[in-house]
file model-v7.cif (mmCIF, N, CA and C atoms)
data_entry
#
loop_
_atom_site.label_atom_id
_atom_site.label_comp_id
_atom_site.auth_asym_id
_atom_site.auth_seq_id
_atom_site.Cartn_x
_atom_site.Cartn_y
_atom_site.Cartn_z
N MET A 1 109.45 124.84 85.99
CA MET A 1 110.04 123.84 86.84
C MET A 1 109.76 122.48 86.21
N GLU A 2 110.77 121.65 86.10
CA GLU A 2 110.60 120.29 85.60
C GLU A 2 110.86 119.31 86.72
N ILE A 3 110.07 118.27 86.76
CA ILE A 3 110.17 117.26 87.80
C ILE A 3 110.18 115.88 87.16
N ASP A 4 111.10 115.03 87.55
CA ASP A 4 111.06 113.63 87.17
C ASP A 4 110.36 112.89 88.30
N ALA A 5 109.33 112.12 87.98
CA ALA A 5 108.60 111.39 89.00
C ALA A 5 108.50 109.93 88.62
N VAL A 6 108.61 109.07 89.60
CA VAL A 6 108.45 107.64 89.37
C VAL A 6 107.30 107.17 90.24
N GLU A 7 106.34 106.55 89.62
CA GLU A 7 105.19 106.03 90.34
C GLU A 7 105.41 104.54 90.56
N ILE A 8 105.16 104.09 91.77
CA ILE A 8 105.32 102.68 92.09
C ILE A 8 103.96 102.13 92.49
N ASP A 9 103.49 101.13 91.79
CA ASP A 9 102.20 100.53 92.08
C ASP A 9 102.34 99.02 91.97
N ASN A 10 102.28 98.35 93.10
CA ASN A 10 102.39 96.88 93.13
C ASN A 10 103.62 96.37 92.39
N GLY A 11 104.74 97.05 92.55
CA GLY A 11 105.98 96.60 91.92
C GLY A 11 106.19 97.10 90.51
N HIS A 12 105.21 97.78 89.93
CA HIS A 12 105.36 98.33 88.59
C HIS A 12 105.82 99.78 88.69
N HIS A 13 106.76 100.16 87.84
CA HIS A 13 107.31 101.50 87.87
C HIS A 13 106.95 102.21 86.57
N GLU A 14 106.55 103.45 86.71
CA GLU A 14 106.26 104.26 85.54
C GLU A 14 106.90 105.63 85.74
N GLN A 15 107.67 106.07 84.78
CA GLN A 15 108.37 107.34 84.90
C GLN A 15 107.63 108.42 84.13
N PHE A 16 107.57 109.61 84.73
CA PHE A 16 106.93 110.75 84.11
C PHE A 16 107.91 111.92 84.11
N VAL A 17 107.81 112.78 83.12
CA VAL A 17 108.51 114.06 83.13
C VAL A 17 107.42 115.12 83.18
N VAL A 18 107.42 115.93 84.24
CA VAL A 18 106.37 116.91 84.47
C VAL A 18 106.97 118.31 84.37
N ALA A 19 106.38 119.15 83.52
CA ALA A 19 106.78 120.55 83.43
C ALA A 19 105.64 121.38 84.01
N ILE A 20 105.92 122.16 85.06
CA ILE A 20 104.91 122.94 85.77
C ILE A 20 105.22 124.43 85.64
N ARG A 21 104.19 125.20 85.30
CA ARG A 21 104.32 126.65 85.24
C ARG A 21 103.17 127.29 86.02
N PRO A 22 103.47 128.25 86.92
CA PRO A 22 102.39 128.95 87.61
C PRO A 22 101.76 129.99 86.68
N THR A 23 100.47 130.25 86.86
CA THR A 23 99.80 131.29 86.09
C THR A 23 99.70 132.55 86.94
N ARG A 24 99.28 133.64 86.34
CA ARG A 24 99.15 134.90 87.07
C ARG A 24 98.11 134.83 88.17
N ASN A 25 97.09 133.97 87.99
CA ASN A 25 96.02 133.88 88.99
C ASN A 25 96.27 132.80 90.04
N GLY A 26 97.49 132.24 90.09
CA GLY A 26 97.85 131.29 91.12
C GLY A 26 97.63 129.82 90.79
N ARG A 27 97.09 129.52 89.62
CA ARG A 27 96.93 128.12 89.21
C ARG A 27 98.24 127.59 88.66
N VAL A 28 98.28 126.31 88.39
CA VAL A 28 99.43 125.72 87.72
C VAL A 28 98.95 125.09 86.41
N VAL A 29 99.80 125.17 85.41
CA VAL A 29 99.56 124.53 84.12
C VAL A 29 100.85 123.86 83.70
N GLY A 30 100.77 122.95 82.75
CA GLY A 30 101.99 122.32 82.28
C GLY A 30 101.71 121.10 81.45
N THR A 31 102.73 120.23 81.38
CA THR A 31 102.63 119.01 80.59
C THR A 31 103.19 117.83 81.38
N VAL A 32 102.68 116.66 81.03
CA VAL A 32 103.18 115.40 81.59
C VAL A 32 103.58 114.54 80.40
N ALA A 33 104.82 114.03 80.43
CA ALA A 33 105.31 113.17 79.35
C ALA A 33 105.70 111.82 79.93
N ARG A 34 105.48 110.80 79.15
CA ARG A 34 105.93 109.45 79.50
C ARG A 34 107.09 109.13 78.56
N PRO A 35 108.33 109.17 79.07
CA PRO A 35 109.49 108.93 78.21
C PRO A 35 109.36 107.62 77.44
N GLY A 36 109.77 107.68 76.19
CA GLY A 36 109.75 106.49 75.36
C GLY A 36 108.45 106.26 74.63
N THR A 37 107.38 107.00 75.01
CA THR A 37 106.09 106.81 74.35
C THR A 37 105.78 107.92 73.38
N GLY A 38 106.42 109.06 73.54
CA GLY A 38 106.12 110.21 72.70
C GLY A 38 104.83 110.90 73.12
N GLU A 39 104.20 110.41 74.17
CA GLU A 39 102.93 110.98 74.64
C GLU A 39 103.20 112.16 75.58
N VAL A 40 102.67 113.33 75.23
CA VAL A 40 102.76 114.51 76.08
C VAL A 40 101.34 115.05 76.23
N VAL A 41 100.89 115.20 77.48
CA VAL A 41 99.53 115.65 77.77
C VAL A 41 99.58 116.92 78.59
N SER A 42 98.77 117.90 78.21
CA SER A 42 98.69 119.16 78.96
C SER A 42 97.74 119.00 80.14
N PHE A 43 97.99 119.78 81.20
CA PHE A 43 97.09 119.80 82.35
C PHE A 43 96.90 121.23 82.82
N SER A 44 95.83 121.45 83.58
CA SER A 44 95.54 122.75 84.17
C SER A 44 95.00 122.51 85.56
N GLY A 45 95.79 122.83 86.57
CA GLY A 45 95.39 122.65 87.96
C GLY A 45 95.99 121.38 88.57
N TRP A 46 96.12 121.41 89.90
CA TRP A 46 96.73 120.29 90.61
C TRP A 46 95.92 119.01 90.48
N MET A 47 94.60 119.11 90.54
CA MET A 47 93.77 117.90 90.45
C MET A 47 93.90 117.25 89.07
N ASP A 48 93.98 118.06 88.04
CA ASP A 48 94.16 117.53 86.68
C ASP A 48 95.50 116.81 86.58
N LEU A 49 96.55 117.39 87.17
CA LEU A 49 97.87 116.75 87.18
C LEU A 49 97.81 115.41 87.92
N LEU A 50 97.19 115.39 89.08
CA LEU A 50 97.10 114.14 89.85
C LEU A 50 96.35 113.07 89.08
N ARG A 51 95.30 113.46 88.36
CA ARG A 51 94.54 112.50 87.56
C ARG A 51 95.44 111.85 86.50
N LEU A 52 96.32 112.65 85.91
CA LEU A 52 97.22 112.13 84.87
C LEU A 52 98.28 111.19 85.45
N LEU A 53 98.62 111.37 86.72
CA LEU A 53 99.65 110.54 87.35
C LEU A 53 99.09 109.27 87.98
N GLU A 54 97.77 109.14 88.03
CA GLU A 54 97.17 107.93 88.59
C GLU A 54 97.52 106.73 87.73
N PRO A 55 97.60 105.56 88.36
CA PRO A 55 97.89 104.35 87.58
C PRO A 55 96.83 104.14 86.50
N ARG A 56 97.28 103.71 85.34
CA ARG A 56 96.37 103.46 84.24
C ARG A 56 95.73 102.10 84.40
N SER A 57 94.45 102.03 84.08
CA SER A 57 93.75 100.75 84.06
C SER A 57 93.09 100.62 82.70
N PRO A 58 92.75 99.42 82.29
CA PRO A 58 92.15 99.22 80.97
C PRO A 58 90.88 100.04 80.75
N ASP A 59 90.12 100.30 81.82
CA ASP A 59 88.87 101.04 81.67
C ASP A 59 89.03 102.53 81.90
N ALA A 60 90.27 103.01 82.10
CA ALA A 60 90.51 104.44 82.33
C ALA A 60 90.21 105.25 81.07
N VAL A 61 89.68 106.42 81.31
CA VAL A 61 89.39 107.33 80.19
C VAL A 61 90.62 108.20 79.99
N SER A 62 91.14 108.26 78.77
CA SER A 62 92.31 109.09 78.50
C SER A 62 91.87 110.36 77.82
N ARG A 63 92.72 111.37 77.91
CA ARG A 63 92.44 112.66 77.27
C ARG A 63 92.88 112.65 75.86
#

call {"tool": "encode", "arguments": {"input": "model-v7.cif", "output": "structure tokens"}}
result
Amino acid sequence: MEIDAVEIDNGHHEQFVVAIRPTRNGRVVGTVARPGTGEVVSFSGWMDLLRLLEPRSPDAVSR
């Protein structure tokens, strides 16, 4: 399943392309891409996905 998501934070918009696949044990895995940046990051689990979709700050730790 692919999802286009737009995050709105204080008037700033950031678009993500999220590919989600369920695993046999009921978890979700996939990738998050930021169009135009070439950055694609893998995730495992809903909490990991939400962490990737949080607004970026200068002191944020990236994977």

call {"tool": "atom_distance", "arguments": {"input": "model-v7.cif", "atom1": "atom C of A:Ile20", "atom2": "atom C of A:Gly36"}}
result
21.5 Å

call {"tool": "resolve_selection", "arguments": {"input": "model-v7.cif", "expression": "the PyMOL selection byres ((chain A and resi 32) around 6.5)", "output": "list in words"}}
result
Phe16, Val17, Val18, Ala19, Gly30, Thr31, Ala33, Arg34, Glu39, Val40, Val41, Ser42 and Phe43 of chain A

call {"tool": "residues_around", "arguments": {"input": "model-v7.cif", "residues": "A:Ser44", "least_positions_apart": "2", "cutoff": "6 Å", "atoms": "all atoms listed in the file", "output": "list in words"}}
result
Val28, Val29, Gly30, Ser42, Trp46, Asp48 and Leu49 of chain A

call {"tool": "atom_distance", "arguments": {"input": "model-v7.cif", "atom1": "atom N of A:Leu53", "atom2": "atom N of A:Gly26"}}
result
21.2 Å

call {"tool": "atom_distance", "arguments": {"input": "model-v7.cif", "atom1": "atom CA of A:Pro35", "atom2": "atom C of A:Gln15"}}
result
6.2 Å

call {"tool": "select_by_dssp", "arguments": {"input": "model-v7.cif", "residues": "stretch 16-58 of chain A", "states": "strand (DSSP E)", "output": "NGL selection string"}}
result
:A and (16-22 or 28-34 or 39-44)

call {"tool": "decode", "arguments": {"input": "model-v7.cif", "residues": "stretch 25-55 of chain A", "atoms": "C-alpha atoms", "output": "tab-separated table (two decimals), in the first residue's frame"}}
result
chain	number	residue	atom	x	y	z
A	25	ASN	CA	3.53	-11.59	12.46
A	26	GLY	CA	1.23	-8.55	12.16
A	27	ARG	CA	3.84	-5.77	12.16
A	28	VAL	CA	4.25	-3.23	9.40
A	29	VAL	CA	7.45	-2.43	7.51
A	30	GLY	CA	8.15	-0.13	4.63
A	31	THR	CA	9.82	3.03	3.42
A	32	VAL	CA	9.30	6.77	3.69
A	33	ALA	CA	10.50	9.01	0.86
A	34	ARG	CA	10.67	12.78	0.63
A	35	PRO	CA	10.08	13.65	-3.04
A	36	GLY	CA	12.78	15.77	-4.58
A	37	THR	CA	15.41	14.83	-1.99
A	38	GLY	CA	16.23	11.30	-3.08
A	39	GLU	CA	16.05	10.32	0.59
A	40	VAL	CA	14.34	6.98	1.26
A	41	VAL	CA	14.33	5.60	4.82
A	42	SER	CA	13.16	2.16	5.93
A	43	PHE	CA	10.97	1.68	9.01
A	44	SER	CA	9.71	-1.24	11.08
A	45	GLY	CA	6.58	-0.74	13.18
A	46	TRP	CA	4.04	2.06	13.54
A	47	MET	CA	6.06	3.98	16.14
A	48	ASP	CA	9.13	3.98	13.89
A	49	LEU	CA	6.98	5.32	11.02
A	50	LEU	CA	5.53	8.07	13.22
A	51	ARG	CA	9.03	9.09	14.33
A	52	LEU	CA	10.03	9.53	10.68
A	53	LEU	CA	6.97	11.70	9.98
A	54	GLU	CA	7.59	14.06	12.90
A	55	PRO	CA	8.69	17.57	12.00
